[in-house]
Each structure stands twice: as C-alpha cells, then as structure tokens.
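model31.cif follows; it contains mmCIF, C-alpha atoms and all ligand atoms.
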```
data_run
loop_
_atom_site.group_PDB
_atom_site.id
_atom_site.type_symbol
_atom_site.label_atom_id
_atom_site.label_comp_id
_atom_site.auth_asym_id
_atom_site.auth_seq_id
_atom_site.Cartn_x
_atom_site.Cartn_y
_atom_site.Cartn_z
ATOM 1 C CA MET A 703 18.725 -6.447 -17.065
ATOM 2 C CA LYS A 704 19.593 -10.112 -17.561
ATOM 3 C CA SER A 705 23.325 -10.023 -18.043
ATOM 4 C CA LEU A 706 26.295 -7.805 -18.834
ATOM 5 C CA ARG A 707 28.679 -10.231 -20.519
ATOM 6 C CA ASP A 708 28.679 -12.240 -23.713
ATOM 7 C CA VAL A 709 28.505 -15.937 -22.999
ATOM 8 C CA PRO A 710 31.769 -17.463 -24.268
ATOM 9 C CA ARG A 711 31.139 -20.184 -26.832
ATOM 10 C CA LYS A 712 31.791 -23.473 -25.142
ATOM 11 C CA SER A 713 33.716 -25.114 -27.946
ATOM 12 C CA ILE A 714 36.520 -22.533 -27.825
ATOM 13 C CA PRO A 715 38.931 -22.781 -24.876
ATOM 14 C CA LEU A 716 39.045 -19.551 -22.898
ATOM 15 C CA VAL A 717 42.612 -20.166 -21.874
ATOM 16 C CA THR A 718 45.231 -22.731 -22.844
ATOM 17 C CA PHE A 719 48.844 -23.326 -21.776
ATOM 18 C CA ASN A 720 51.086 -25.308 -24.061
ATOM 19 C CA ASN A 721 54.353 -26.421 -22.416
ATOM 20 C CA VAL A 722 54.654 -23.139 -20.546
ATOM 21 C CA SER A 723 57.804 -22.513 -18.506
ATOM 22 C CA PHE A 724 58.748 -19.475 -16.459
ATOM 23 C CA SER A 725 61.515 -18.543 -14.051
ATOM 24 C CA TRP A 726 61.903 -15.332 -12.081
ATOM 25 C CA PRO A 727 65.010 -13.337 -13.033
ATOM 26 C CA GLY A 728 68.004 -14.648 -11.088
ATOM 27 C CA ASP A 729 66.330 -17.979 -10.284
ATOM 28 C CA LYS A 730 68.005 -20.998 -11.857
ATOM 29 C CA GLN A 731 64.930 -23.200 -11.496
ATOM 30 C CA ASN A 732 61.645 -22.780 -13.354
ATOM 31 C CA ILE A 733 58.786 -22.026 -10.967
ATOM 32 C CA ILE A 734 56.427 -22.990 -13.842
ATOM 33 C CA SER A 735 57.790 -25.958 -15.756
ATOM 34 C CA LYS A 736 56.347 -27.324 -19.034
ATOM 35 C CA CYS A 737 52.854 -26.679 -17.750
ATOM 36 C CA ASN A 738 49.814 -27.689 -19.824
ATOM 37 C CA PHE A 739 46.189 -26.912 -19.047
ATOM 38 C CA SER A 740 43.025 -25.458 -20.475
ATOM 39 C CA ILE A 741 39.650 -24.133 -19.417
ATOM 40 C CA ASN A 742 36.947 -24.589 -22.013
ATOM 41 C CA ALA A 743 33.640 -23.946 -20.248
ATOM 42 C CA SER A 744 31.966 -21.782 -17.648
ATOM 43 C CA GLY A 745 31.929 -22.943 -14.034
ATOM 44 C CA LEU A 746 34.014 -22.831 -10.877
ATOM 45 C CA TRP A 747 37.495 -24.199 -11.488
ATOM 46 C CA MET A 748 39.753 -24.501 -8.446
ATOM 47 C CA ILE A 749 43.488 -24.955 -8.108
ATOM 48 C CA ILE A 750 45.029 -26.129 -4.871
ATOM 49 C CA GLY A 751 48.714 -25.912 -4.073
ATOM 50 C CA LYS A 752 51.158 -25.238 -1.264
ATOM 51 C CA ASN A 753 52.364 -21.767 -0.333
ATOM 52 C CA GLY A 754 55.228 -20.706 -2.563
ATOM 53 C CA SER A 755 54.477 -23.370 -5.198
ATOM 54 C CA GLY A 756 53.919 -20.740 -7.913
ATOM 55 C CA LYS A 757 50.125 -20.305 -8.006
ATOM 56 C CA SER A 758 50.169 -16.497 -8.121
ATOM 57 C CA THR A 759 52.911 -16.596 -10.754
ATOM 58 C CA PHE A 760 50.696 -18.961 -12.772
ATOM 59 C CA LEU A 761 47.776 -16.482 -12.628
ATOM 60 C CA LYS A 762 50.060 -13.649 -13.748
ATOM 61 C CA LEU A 763 50.944 -15.722 -16.809
ATOM 62 C CA ILE A 764 47.240 -16.207 -17.599
ATOM 63 C CA SER A 765 46.458 -12.502 -17.226
ATOM 64 C CA GLY A 766 49.456 -11.537 -19.361
ATOM 65 C CA VAL A 767 51.249 -9.558 -16.631
ATOM 66 C CA LEU A 768 54.147 -12.011 -17.084
ATOM 67 C CA LYS A 769 55.347 -13.586 -20.324
ATOM 68 C CA PRO A 770 56.591 -17.201 -20.383
ATOM 69 C CA ASN A 771 60.260 -18.003 -21.037
ATOM 70 C CA SER A 772 59.062 -20.753 -23.358
ATOM 71 C CA GLY A 773 55.796 -22.337 -24.451
ATOM 72 C CA ILE A 774 52.537 -20.690 -25.493
ATOM 73 C CA VAL A 775 49.850 -18.977 -23.435
ATOM 74 C CA ASN A 776 46.586 -18.524 -25.302
ATOM 75 C CA CYS A 777 43.907 -16.436 -23.634
ATOM 76 C CA SER A 778 41.002 -15.453 -25.860
ATOM 77 C CA VAL A 779 38.920 -13.544 -23.307
ATOM 78 C CA CYS A 780 38.996 -10.491 -21.035
ATOM 79 C CA VAL A 781 40.440 -11.436 -17.645
ATOM 80 C CA GLY A 782 39.518 -9.879 -14.286
ATOM 81 C CA MET A 783 41.460 -10.343 -11.044
ATOM 82 C CA VAL A 784 40.433 -10.612 -7.412
ATOM 83 C CA PHE A 785 43.429 -10.560 -5.067
ATOM 84 C CA GLN A 786 43.954 -11.962 -1.585
ATOM 85 C CA ASN A 787 43.916 -8.484 -0.061
ATOM 86 C CA PRO A 788 41.092 -6.294 -1.433
ATOM 87 C CA ASP A 789 42.856 -3.184 -0.095
ATOM 88 C CA HIS A 790 45.451 -3.748 -2.822
ATOM 89 C CA GLN A 791 42.898 -3.253 -5.582
ATOM 90 C CA ILE A 792 40.121 -0.957 -4.350
ATOM 91 C CA LEU A 793 41.065 2.632 -5.155
ATOM 92 C CA MET A 794 38.028 4.846 -4.657
ATOM 93 C CA PRO A 795 36.268 6.154 -1.509
ATOM 94 C CA ASN A 796 32.883 4.484 -2.003
ATOM 95 C CA CYS A 797 31.271 1.533 -3.773
ATOM 96 C CA ARG A 798 29.619 3.587 -6.514
ATOM 97 C CA SER A 799 32.807 5.428 -7.522
ATOM 98 C CA GLU A 800 34.823 2.185 -7.441
ATOM 99 C CA LEU A 801 32.336 0.523 -9.773
ATOM 100 C CA LEU A 802 32.156 3.632 -11.954
ATOM 101 C CA ILE A 803 35.909 3.582 -12.717
ATOM 102 C CA ASN A 804 35.466 -0.023 -13.841
ATOM 103 C CA THR A 805 32.522 0.849 -16.111
ATOM 104 C CA ASN A 806 32.865 1.544 -19.810
ATOM 105 C CA GLN A 807 32.914 5.332 -20.292
ATOM 106 C CA LYS A 808 30.533 5.108 -23.240
ATOM 107 C CA PHE A 809 27.507 4.605 -20.985
ATOM 108 C CA SER A 810 25.210 7.448 -19.933
ATOM 109 C CA ASN A 811 24.885 8.220 -16.208
ATOM 110 C CA GLN A 812 21.508 6.543 -16.175
ATOM 111 C CA GLU A 813 22.838 3.366 -17.819
ATOM 112 C CA SER A 814 25.876 3.296 -15.496
ATOM 113 C CA ASN A 815 23.642 3.623 -12.438
ATOM 114 C CA LYS A 816 21.486 0.775 -13.703
ATOM 115 C CA ARG A 817 24.565 -1.415 -14.177
ATOM 116 C CA ILE A 818 25.967 -0.514 -10.744
ATOM 117 C CA LYS A 819 22.671 -1.493 -9.136
ATOM 118 C CA PHE A 820 22.589 -4.733 -11.114
ATOM 119 C CA VAL A 821 26.087 -5.927 -10.140
ATOM 120 C CA LEU A 822 25.743 -4.869 -6.480
ATOM 121 C CA ASN A 823 22.610 -6.977 -6.378
ATOM 122 C CA GLN A 824 24.475 -9.893 -7.988
ATOM 123 C CA VAL A 825 27.093 -9.937 -5.212
ATOM 124 C CA GLY A 826 24.644 -9.442 -2.343
ATOM 125 C CA LEU A 827 25.464 -5.748 -1.746
ATOM 126 C CA THR A 828 22.081 -4.273 -2.706
ATOM 127 C CA GLY A 829 21.811 -0.598 -1.721
ATOM 128 C CA PHE A 830 25.567 -0.225 -1.034
ATOM 129 C CA GLU A 831 26.105 2.474 -3.717
ATOM 130 C CA ASN A 832 27.058 5.247 -1.279
ATOM 131 C CA ARG A 833 28.754 3.119 1.353
ATOM 132 C CA PRO A 834 32.294 4.347 2.160
ATOM 133 C CA ILE A 835 34.851 1.593 1.528
ATOM 134 C CA HIS A 836 36.286 1.872 5.045
ATOM 135 C CA THR A 837 32.934 0.748 6.496
ATOM 136 C CA LEU A 838 32.970 -2.543 4.554
ATOM 137 C CA SER A 839 34.098 -5.858 6.032
ATOM 138 C CA GLY A 840 36.823 -7.841 4.275
ATOM 139 C CA GLY A 841 34.226 -10.138 2.726
ATOM 140 C CA GLN A 842 32.141 -7.204 1.491
ATOM 141 C CA LYS A 843 35.265 -5.706 -0.087
ATOM 142 C CA GLN A 844 35.952 -8.999 -1.868
ATOM 143 C CA ARG A 845 32.384 -9.045 -3.145
ATOM 144 C CA LEU A 846 32.831 -5.471 -4.382
ATOM 145 C CA ALA A 847 36.018 -6.562 -6.194
ATOM 146 C CA ILE A 848 33.961 -9.328 -7.844
ATOM 147 C CA ALA A 849 31.295 -6.752 -8.798
ATOM 148 C CA CYS A 850 34.048 -4.665 -10.439
ATOM 149 C CA ALA A 851 35.016 -7.659 -12.599
ATOM 150 C CA LEU A 852 31.350 -8.178 -13.513
ATOM 151 C CA ILE A 853 30.666 -4.547 -14.418
ATOM 152 C CA SER A 854 33.758 -4.397 -16.613
ATOM 153 C CA GLU A 855 32.368 -7.410 -18.503
ATOM 154 C CA LYS A 856 35.267 -9.765 -17.845
ATOM 155 C CA ASN A 857 34.613 -13.260 -19.156
ATOM 156 C CA LEU A 858 37.117 -15.008 -16.916
ATOM 157 C CA VAL A 859 37.643 -14.027 -13.286
ATOM 158 C CA LEU A 860 40.868 -15.141 -11.592
ATOM 159 C CA LEU A 861 40.625 -15.230 -7.794
ATOM 160 C CA ASP A 862 43.946 -15.516 -5.967
ATOM 161 C CA GLU A 863 43.195 -16.955 -2.518
ATOM 162 C CA PRO A 864 40.353 -14.451 -2.117
ATOM 163 C CA THR A 865 39.269 -15.790 1.276
ATOM 164 C CA ALA A 866 42.692 -16.119 2.918
ATOM 165 C CA LEU A 867 42.172 -13.018 5.069
ATOM 166 C CA LEU A 868 38.483 -13.584 5.843
ATOM 167 C CA ASP A 869 36.670 -15.061 8.828
ATOM 168 C CA GLU A 870 34.679 -18.221 8.184
ATOM 169 C CA ALA A 871 31.287 -16.517 7.715
ATOM 170 C CA SER A 872 32.692 -14.107 5.104
ATOM 171 C CA GLN A 873 34.621 -16.935 3.454
ATOM 172 C CA ILE A 874 31.410 -18.934 2.936
ATOM 173 C CA LYS A 875 29.546 -15.867 1.627
ATOM 174 C CA VAL A 876 32.205 -15.095 -0.985
ATOM 175 C CA LEU A 877 32.321 -18.767 -2.029
ATOM 176 C CA LYS A 878 28.537 -18.937 -2.345
ATOM 177 C CA ILE A 879 28.356 -15.739 -4.423
ATOM 178 C CA ILE A 880 30.936 -17.067 -6.880
ATOM 179 C CA LYS A 881 29.192 -20.441 -6.990
ATOM 180 C CA GLN A 882 25.884 -18.719 -7.734
ATOM 181 C CA LEU A 883 27.435 -16.610 -10.514
ATOM 182 C CA THR A 884 29.081 -19.644 -12.126
ATOM 183 C CA THR A 885 25.814 -21.611 -12.122
ATOM 184 C CA ASP A 886 23.651 -18.771 -13.482
ATOM 185 C CA LYS A 887 21.243 -20.259 -16.024
ATOM 186 C CA ILE A 888 21.348 -17.345 -18.485
ATOM 187 C CA ASN A 889 24.953 -16.234 -18.403
ATOM 188 C CA PRO A 890 27.203 -18.369 -16.197
ATOM 189 C CA LEU A 891 30.538 -16.901 -15.188
ATOM 190 C CA THR A 892 33.858 -18.685 -15.590
ATOM 191 C CA ALA A 893 35.944 -18.404 -12.422
ATOM 192 C CA LEU A 894 39.387 -19.790 -11.630
ATOM 193 C CA TRP A 895 39.827 -19.888 -7.865
ATOM 194 C CA ILE A 896 43.212 -20.479 -6.224
ATOM 195 C CA THR A 897 43.257 -21.849 -2.723
ATOM 196 C CA HIS A 898 45.354 -23.709 -0.229
ATOM 197 C CA ARG A 899 42.279 -24.603 1.805
ATOM 198 C CA GLN A 900 41.025 -28.115 1.237
ATOM 199 C CA GLU A 901 37.507 -27.360 2.535
ATOM 200 C CA GLU A 902 36.840 -24.898 -0.319
ATOM 201 C CA LEU A 903 37.234 -27.597 -2.977
ATOM 202 C CA ASN A 904 33.738 -28.969 -2.396
ATOM 203 C CA TYR A 905 32.307 -25.912 -4.172
ATOM 204 C CA ALA A 906 34.290 -26.561 -7.354
ATOM 205 C CA ASP A 907 33.132 -28.109 -10.606
ATOM 206 C CA ALA A 908 36.690 -29.261 -11.237
ATOM 207 C CA VAL A 909 39.905 -29.241 -9.210
ATOM 208 C CA ALA A 910 43.548 -29.458 -10.219
ATOM 209 C CA GLU A 911 46.647 -29.544 -8.063
ATOM 210 C CA PHE A 912 49.622 -27.290 -8.643
ATOM 211 C CA ASN A 913 52.834 -29.102 -7.791
ATOM 212 C CA ASN A 914 56.446 -28.934 -9.018
ATOM 213 C CA GLY A 915 55.603 -26.209 -11.545
ATOM 214 C CA ARG A 916 52.781 -28.126 -13.180
ATOM 215 C CA LEU A 917 49.062 -28.526 -12.985
ATOM 216 C CA SER A 918 47.483 -31.975 -12.663
ATOM 217 C CA GLU A 919 44.518 -33.043 -14.802
ATOM 218 C CA TRP A 920 41.150 -31.544 -13.837
ATOM 219 C CA GLN A 921 39.406 -33.871 -11.419
ATOM 220 C CA LYS A 922 36.217 -34.098 -9.395
ATOM 221 C CA PRO A 923 36.511 -32.448 -5.944
ATOM 222 C CA SER A 924 35.832 -35.807 -4.277
ATOM 223 C CA LYS A 925 39.243 -37.018 -5.523
ATOM 224 C CA PHE A 926 40.896 -34.544 -3.172
ATOM 225 C CA GLN A 927 39.136 -35.587 0.017
ATOM 226 C CA ASN A 928 41.284 -36.956 2.824
ATOM 227 C CA ASN A 929 44.509 -36.212 0.958
HETATM 228 N N1 LIG B 1 57.986 -10.573 -7.956
HETATM 229 C C1 LIG B 1 58.799 -11.626 -7.768
HETATM 230 N N2 LIG B 1 60.123 -11.539 -8.009
HETATM 231 C C2 LIG B 1 60.945 -12.601 -7.842
HETATM 232 N N3 LIG B 1 60.526 -13.807 -7.405
HETATM 233 C C3 LIG B 1 59.223 -13.955 -7.127
HETATM 234 C C4 LIG B 1 58.288 -12.875 -7.298
HETATM 235 N N4 LIG B 1 57.057 -13.314 -6.947
HETATM 236 C C5 LIG B 1 57.212 -14.602 -6.591
HETATM 237 N N5 LIG B 1 58.503 -14.993 -6.693
HETATM 238 C C6 LIG B 1 59.038 -16.340 -6.398
HETATM 239 O O1 LIG B 1 58.188 -17.336 -6.919
HETATM 240 C C7 LIG B 1 57.886 -18.316 -5.936
HETATM 241 C C8 LIG B 1 56.414 -18.647 -6.037
HETATM 242 O O2 LIG B 1 55.658 -17.525 -5.627
HETATM 243 P P1 LIG B 1 54.089 -17.426 -5.821
HETATM 244 O O3 LIG B 1 53.759 -17.573 -7.265
HETATM 245 O O4 LIG B 1 53.662 -16.174 -5.162
HETATM 246 O O5 LIG B 1 53.576 -18.740 -5.030
HETATM 247 P P2 LIG B 1 52.163 -19.045 -4.353
HETATM 248 O O6 LIG B 1 51.167 -18.073 -4.905
HETATM 249 O O7 LIG B 1 51.860 -20.468 -4.697
HETATM 250 O O8 LIG B 1 52.346 -18.896 -2.877
HETATM 251 C C9 LIG B 1 58.268 -17.719 -4.587
HETATM 252 O O9 LIG B 1 58.956 -18.667 -3.845
HETATM 253 C C10 LIG B 1 59.146 -16.548 -4.910
HETATM 254 O O10 LIG B 1 60.472 -16.864 -4.607
HETATM 255 MG MG MG B 2 49.946 -16.695 -4.007
#
```
Represent the structure contained in this file as structure tokens.
Amino acid sequence: MKSLRDVPRKSIPLVTFNNVSFSWPGDKQNIISKCNFSINASGLWMIIGKNGSGKSTFLKLISGVLKPNSGIVNCSVCVGMVFQNPDHQILMPNCRSELLINTNQKFSNQESNKRIKFVLNQVGLTGFENRPIHTLSGGQKQRLAIACALISEKNLVLLDEPTALLDEASQIKVLKIIKQLTTDKINPLTALWITHRQEELNYADAVAEFNNGRLSEWQKPSKFQNN
C-alpha cells in the first residue's frame, strides 16, 4: 500500500481566508480581525503566537466548527484535528478500535486491517493494534491521533499545540513523524501546526506569526530565530 489519500493539486489552495473576522459572543473586540492567509501546497506549515492570542479559535474557523462574523473562509479539503490533550479525542479502549471508528465503513475487515497496519507503521506504532490506550505514553497517543487523521483520509491535518503536554523526547518524536509525513515523496501530507514554542519552528517549511487577530506573511523559519 503506497498511500491512502488523494494528493491535492498544488495549484488549488487548500484553505483561504479573505478578510475574516470573528468575535466570541459577548466580546466587544474581534479575536480574529480582517485576517488573510492561504495554504496552497503540501508541507509543514507552522503558526506561532502567544497564549490567548486566538490560535485555537483560528483553527476552529478553518475546520468549520465556528463561522466568521464577516469575511470568507474557503476550505476545499477534508480537515483532521489533533488537539493538545489526546485524552480529549481518543474514545475507544485500544488502538485498533480507535482506528476502526475512523475508517470508512465500506471497507471489508481484511482491507480495514491492512489500512490499520499501514497507518500504525506510518506513525511509528508498528504492532500496536491490540495495545490498550491507557498503556500508551502521551506522545504515542498523539501519534495515534495522527494515524486516525491518516486513516480517515484527511488532506489537511490541523495540530493545535500537539506537544504542549509532552516531555522533550516525545515532543521530538511527534515532530519528526509529522515532518516525515509532510516530506513523503509519493503522497506528502499538508499539516498546519500551532505552537508557542520557538524551538519547534526549525522543522517548518514556512512560519507565520499570529498577532492582534491576524496572521503575518509566511516566512522561512530562520526569520524567527532570536526574536
Ligand atoms: N468557547 C469560548 N467561549 C468564549 N470565549 C472564548 C472561547 N474560547 C476562547 N475564547 C476567548 O478567545 C480568546 C482566545 O482563545 P484561544 O483561541 O483559545 O487562544 P490561543 O489558542 O491562542 O491560546 C481567549 O482569551 C478567550 O477569552
Ligand atoms: Mg490554543
């Protein structure tokens, strides 16, 4: 098995914001304010911003959980989410059953098993099919959450500070897995990674800063060193 997803055509943006503004009910100020951005290719895109600046709100606008007060959100692909705390998204008692509920029901048992094996291998959890969730480390749970996005054939994976609760070794492993997936020669993933950790930016293909409700231009990670 070479790949599960269709490769998005590069000329078509996967997601675009056009002057998007949003405020939470009761808030006078927009937390997202006339924000413009787009992602038009596979790779590892990172957004850095301070706590409370509106990064999670921004992701909810991309995924369609929230609708903007004004402006246009265009998202032409299937979006998967990986949250800061994997315990908030993993529902089932073991890896196989968690992946199974994220698998298209149309597949035979044999095909599903093949796909489960394939994605576990992709995230460095080979042979983990029957592992109970409670025996996994935080980093392993995050990699399982990534495998769930892969098996459900999401074209764009949004990761909301996925390493914030991890120790350094697990943090690096999760970063490396995503980097590997986004540089795959046959079917590279598109990932949008939110962080407030400067040291993670070195893994990115492009970095933008979220500040005052807006996203800066995409820049090379080196631009953000020693800031
Ligand atoms: N569910 C919510 N209801 C009302 N206000 C919210 C909600 N979630 C976030 N906010 C407000 O939006 C602001 C930005 O939150 P958030 O997008 O989570 O920031 P970040 O992810 O950058 O830390 C917060 O200061 C908070 O007041
Ligand atoms: Mg957040």
Close residues, segment 839-847 of chain A itself excluded, 9 Å, all atoms listed in the file, min 3 positions apart in chain, as a PyMOL selection string: chain A and resi 783-789+791-792+797+800-801+821-822+825-827+835-836+850-852+864-865+867-869+871-873+875-876+879-880
Could you tell me, as a list in words, exactly which residues end up selected when the PyMOL selection byres (((not hetatm)) within 7 of (chain B and resi 2)) is applied to this structure?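 On this input, the PyMOL selection byres (((not hetatm)) within 7 of (chain B and resi 2)) captures Asn753, Gly754, Gly756, Lys757, Ser758, Asp862 and Glu863 of chain A.
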Step by step, measure atom-to-atom distances between ligand LIG 1 (chain B) and each residue using all atoms listed in the file, keep those at most 9 Å, then write them as number ranges by chain. A: 725-729, 733-734, 750-762, 862-863, 896-898, 912
Residue selection dump (C-alpha atoms) as a PDB file, in the coordinates of the input:
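Writing done, so here's result-v8.pdb:
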```
ATOM      1  CA  SER A 725      61.515 -18.543 -14.051  1.00  0.00           C
ATOM      2  CA  TRP A 726      61.903 -15.332 -12.081  1.00  0.00           C
ATOM      3  CA  PRO A 727      65.010 -13.337 -13.033  1.00  0.00           C
ATOM      4  CA  GLY A 728      68.004 -14.648 -11.088  1.00  0.00           C
ATOM      5  CA  ASP A 729      66.330 -17.979 -10.284  1.00  0.00           C
ATOM      6  CA  ILE A 733      58.786 -22.026 -10.967  1.00  0.00           C
ATOM      7  CA  ILE A 734      56.427 -22.990 -13.842  1.00  0.00           C
ATOM      8  CA  ILE A 750      45.029 -26.129  -4.871  1.00  0.00           C
ATOM      9  CA  GLY A 751      48.714 -25.912  -4.073  1.00  0.00           C
ATOM     10  CA  LYS A 752      51.158 -25.238  -1.264  1.00  0.00           C
ATOM     11  CA  ASN A 753      52.364 -21.767  -0.333  1.00  0.00           C
ATOM     12  CA  GLY A 754      55.228 -20.706  -2.563  1.00  0.00           C
ATOM     13  CA  SER A 755      54.477 -23.370  -5.198  1.00  0.00           C
ATOM     14  CA  GLY A 756      53.919 -20.740  -7.913  1.00  0.00           C
ATOM     15  CA  LYS A 757      50.125 -20.305  -8.006  1.00  0.00           C
ATOM     16  CA  SER A 758      50.169 -16.497  -8.121  1.00  0.00           C
ATOM     17  CA  THR A 759      52.911 -16.596 -10.754  1.00  0.00           C
ATOM     18  CA  PHE A 760      50.696 -18.961 -12.772  1.00  0.00           C
ATOM     19  CA  LEU A 761      47.776 -16.482 -12.628  1.00  0.00           C
ATOM     20  CA  LYS A 762      50.060 -13.649 -13.748  1.00  0.00           C
ATOM     21  CA  ASP A 862      43.946 -15.516  -5.967  1.00  0.00           C
ATOM     22  CA  GLU A 863      43.195 -16.955  -2.518  1.00  0.00           C
ATOM     23  CA  ILE A 896      43.212 -20.479  -6.224  1.00  0.00           C
ATOM     24  CA  THR A 897      43.257 -21.849  -2.723  1.00  0.00           C
ATOM     25  CA  HIS A 898      45.354 -23.709  -0.229  1.00  0.00           C
ATOM     26  CA  PHE A 912      49.622 -27.290  -8.643  1.00  0.00           C
TER      27      PHE A 912
END
```
Using 8 Å of padding on each side, determine the axis-aligned box around all atoms of segment 825-830 of chain A present in the file and give its centre and edge lengths in Å to one decimal, as JSON.
```
{"center_x": 24.5, "center_y": -5.1, "center_z": -3.1, "size_x": 21.3, "size_y": 25.7, "size_z": 20.2}
```
Report the residues retrieved by the PyMOL selection byres (((chain A and resi 893) around 10) and not hetatm) from the displayed file, expressed as a PDB file with C-alpha atoms, in the coordinates of the input.
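Saved as out37.pdb:
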```pdb
ATOM      1  CA  ILE A 741      39.650 -24.133 -19.417  1.00  0.00           C
ATOM      2  CA  ALA A 743      33.640 -23.946 -20.248  1.00  0.00           C
ATOM      3  CA  SER A 744      31.966 -21.782 -17.648  1.00  0.00           C
ATOM      4  CA  GLY A 745      31.929 -22.943 -14.034  1.00  0.00           C
ATOM      5  CA  LEU A 746      34.014 -22.831 -10.877  1.00  0.00           C
ATOM      6  CA  TRP A 747      37.495 -24.199 -11.488  1.00  0.00           C
ATOM      7  CA  MET A 748      39.753 -24.501  -8.446  1.00  0.00           C
ATOM      8  CA  VAL A 781      40.440 -11.436 -17.645  1.00  0.00           C
ATOM      9  CA  GLY A 782      39.518  -9.879 -14.286  1.00  0.00           C
ATOM     10  CA  MET A 783      41.460 -10.343 -11.044  1.00  0.00           C
ATOM     11  CA  ASN A 857      34.613 -13.260 -19.156  1.00  0.00           C
ATOM     12  CA  LEU A 858      37.117 -15.008 -16.916  1.00  0.00           C
ATOM     13  CA  VAL A 859      37.643 -14.027 -13.286  1.00  0.00           C
ATOM     14  CA  LEU A 860      40.868 -15.141 -11.592  1.00  0.00           C
ATOM     15  CA  LEU A 861      40.625 -15.230  -7.794  1.00  0.00           C
ATOM     16  CA  ILE A 880      30.936 -17.067  -6.880  1.00  0.00           C
ATOM     17  CA  LYS A 881      29.192 -20.441  -6.990  1.00  0.00           C
ATOM     18  CA  LEU A 883      27.435 -16.610 -10.514  1.00  0.00           C
ATOM     19  CA  THR A 884      29.081 -19.644 -12.126  1.00  0.00           C
ATOM     20  CA  PRO A 890      27.203 -18.369 -16.197  1.00  0.00           C
ATOM     21  CA  LEU A 891      30.538 -16.901 -15.188  1.00  0.00           C
ATOM     22  CA  THR A 892      33.858 -18.685 -15.590  1.00  0.00           C
ATOM     23  CA  LEU A 894      39.387 -19.790 -11.630  1.00  0.00           C
ATOM     24  CA  TRP A 895      39.827 -19.888  -7.865  1.00  0.00           C
ATOM     25  CA  ILE A 896      43.212 -20.479  -6.224  1.00  0.00           C
ATOM     26  CA  ALA A 906      34.290 -26.561  -7.354  1.00  0.00           C
TER      27      ALA A 906
END
```
Evaluate the PyMOL selection byres (((chain A and resi 834) around 10) and not hetatm) here and jot the selected residues down as a ChimeraX atom specification. /A:794-799,830-833,835-838
What's the separation between atom CA of Asn721 of chain A and atom CA of Ile774 of chain A, in Å to one decimal place? 6.8 Å
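When atom CA of Leu877 of chain A is paired with atom CA of Gln824 of chain A, their separation reads 13.3 Å.
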